[in-house]
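First the structure, in the form of structure tokens, and then the observations on it.
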Amino acid sequence: MAEIQSHQPGQHGSQPRYQVVKAATAATAGGSLLVLSGLILAGTVIALTIATPLLVIFSPVLVPAVITVSLLVLGFLASGGFGVAGITVFSWIYRYVTGKHPPGADQIDLARHKLATKAREMKDRAEQFGQQQTSGPQTS
């Protein structure tokens with residue numbers, strides 16, 4: 001516990017950097033989901049535009065019509081789902097960055113702390129190994 005408290009002043013100075021990383025993660029995750037949502041929506045509208053004349057010309061053939069309508073419905077549902085997912089990610093990251101403690105924030109903080117601890121341990125091991133290598137072979 002004393003180790004955690006001794007590192008807090010150093011971490012406090014780097015809080016803006018963590019917030020920048022959090023904001024970049026939010027923009028990447030939420031933005032890519034929203035872009036995917038928009039692409040699916042555009043593809044669905046294009047498919048609907050292409051399929052409508054074909055449905056009029058080949059109206060006696062009901063199986064392709066049912067398949068086309070099903071694909072269009074699935075396209076709109078996928079588009080809406082990715083849009084909702086993107087907005088949810090943006091909302092969660094916003095609450096996390098502003099300190100409102102959304103669900104799962106403890107797990108992310110714990111994982112970040114574990115990674116930092118392991119990185120510190122590996123750095124110390126590498127320094128010890130480097131010191132052993134520079135001092136030369138030890139003869140007993």
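In the structure tokens, each chain is lettered A, B, ... as it comes, each chain's residues begin at 1, and ligands are numbered from 1 in order of appearance.
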
So that I can see what lies close to range 68-76 of chain A, please list as a PDB file with N, CA and C atoms, in the first residue's frame the residues with an atom at most 9 Å from it, counting only C-alpha atoms and leaving out residues fewer than 5 positions away in the same chain.
ATOM      1  N   ILE A  40     -22.704   0.886 -43.420  1.00  0.00           N
ATOM      2  CA  ILE A  40     -23.751  -0.123 -43.567  1.00  0.00           C
ATOM      3  C   ILE A  40     -25.067   0.534 -43.985  1.00  0.00           C
ATOM      4  N   LEU A  41     -25.363   1.689 -43.402  1.00  0.00           N
ATOM      5  CA  LEU A  41     -26.581   2.400 -43.786  1.00  0.00           C
ATOM      6  C   LEU A  41     -26.530   2.801 -45.263  1.00  0.00           C
ATOM      7  N   GLY A  43     -24.749   1.396 -47.661  1.00  0.00           N
ATOM      8  CA  GLY A  43     -24.862   0.177 -48.454  1.00  0.00           C
ATOM      9  C   GLY A  43     -26.288  -0.337 -48.517  1.00  0.00           C
ATOM     10  N   THR A  44     -27.008  -0.225 -47.410  1.00  0.00           N
ATOM     11  CA  THR A  44     -28.398  -0.676 -47.381  1.00  0.00           C
ATOM     12  C   THR A  44     -29.267   0.192 -48.281  1.00  0.00           C
ATOM     13  N   VAL A  45     -29.056   1.501 -48.264  1.00  0.00           N
ATOM     14  CA  VAL A  45     -29.836   2.402 -49.128  1.00  0.00           C
ATOM     15  C   VAL A  45     -29.522   2.130 -50.601  1.00  0.00           C
ATOM     16  N   ALA A  47     -28.480  -0.722 -51.842  1.00  0.00           N
ATOM     17  CA  ALA A  47     -29.094  -2.015 -52.154  1.00  0.00           C
ATOM     18  C   ALA A  47     -30.603  -1.859 -52.370  1.00  0.00           C
ATOM     19  N   LEU A  48     -31.237  -1.036 -51.549  1.00  0.00           N
ATOM     20  CA  LEU A  48     -32.672  -0.797 -51.715  1.00  0.00           C
ATOM     21  C   LEU A  48     -32.960  -0.111 -53.051  1.00  0.00           C
ATOM     22  N   ALA A  51     -32.469  -2.731 -55.727  1.00  0.00           N
ATOM     23  CA  ALA A  51     -33.407  -3.852 -55.647  1.00  0.00           C
ATOM     24  C   ALA A  51     -34.831  -3.459 -56.021  1.00  0.00           C
ATOM     25  N   LEU A  55     -37.339  -5.709 -58.210  1.00  0.00           N
ATOM     26  CA  LEU A  55     -38.547  -6.298 -57.641  1.00  0.00           C
ATOM     27  C   LEU A  55     -39.764  -6.015 -58.511  1.00  0.00           C
ATOM     28  N   VAL A  63     -39.531 -15.483 -54.113  1.00  0.00           N
ATOM     29  CA  VAL A  63     -38.400 -15.903 -53.265  1.00  0.00           C
ATOM     30  C   VAL A  63     -37.280 -14.862 -53.274  1.00  0.00           C
ATOM     31  N   GLY A  81     -27.687  -0.995 -34.976  1.00  0.00           N
ATOM     32  CA  GLY A  81     -26.952  -1.620 -33.868  1.00  0.00           C
ATOM     33  C   GLY A  81     -25.560  -1.047 -33.706  1.00  0.00           C
TER      34      GLY A  81
END

At a cut-off of 8 Å, can you tabulate as CSV every residue of range 3-88 of chain A near range 94-116 of chain A together with its closest atom pair and the distance in Å to one decimal, using only C-alpha atoms and ordering rows by chain then number?
residue,atom,partner,partner_atom,distance
A:Gln19,CA,A:Val97,CA,6.3
A:Lys22,CA,A:Val97,CA,6.6
A:Ala23,CA,A:Val97,CA,7.4
A:Ala26,CA,A:Tyr94,CA,7.7

How would the residues just picked look written out with all heavy atoms as a CSV table (one decimal), in the first residue's frame?
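Contents of out_26.csv, freshly written:
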chain,number,residue,atom,x,y,z
A,19,GLN,N,-5.7,11.3,-19.7
A,19,GLN,CA,-7.0,11.7,-20.2
A,19,GLN,C,-6.9,11.9,-21.8
A,19,GLN,O,-7.9,11.6,-22.4
A,19,GLN,CB,-7.4,13.1,-19.6
A,19,GLN,CG,-7.8,12.9,-18.2
A,19,GLN,CD,-8.4,14.1,-17.5
A,19,GLN,OE1,-8.3,15.2,-18.1
A,19,GLN,NE2,-8.9,14.0,-16.3
A,22,LYS,N,-7.2,8.4,-23.0
A,22,LYS,CA,-8.6,7.9,-22.9
A,22,LYS,C,-9.4,8.5,-23.9
A,22,LYS,O,-10.3,7.9,-24.6
A,22,LYS,CB,-9.1,8.3,-21.5
A,22,LYS,CG,-8.5,7.5,-20.3
A,22,LYS,CD,-9.1,8.0,-19.0
A,22,LYS,CE,-8.4,7.4,-17.8
A,22,LYS,NZ,-8.9,7.9,-16.6
A,23,ALA,N,-9.2,9.8,-24.2
A,23,ALA,CA,-10.0,10.5,-25.2
A,23,ALA,C,-9.7,9.9,-26.6
A,23,ALA,O,-10.6,9.7,-27.4
A,23,ALA,CB,-9.8,12.0,-25.2
A,26,ALA,N,-11.4,6.7,-26.9
A,26,ALA,CA,-12.9,6.9,-27.1
A,26,ALA,C,-13.1,7.3,-28.6
A,26,ALA,O,-14.1,6.7,-29.2
A,26,ALA,CB,-13.4,8.0,-26.2

As an exercise, work out the distance from CA of Ala29 in chain A to CA of Gln15 in chain A in Å and give it to one decimal place.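 CA of Ala29 in chain A sits 21.0 Å away from CA of Gln15 in chain A.
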
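Going from CA of Val89 in chain A over to CA of Val21 in chain A, you cover 14.9 Å.
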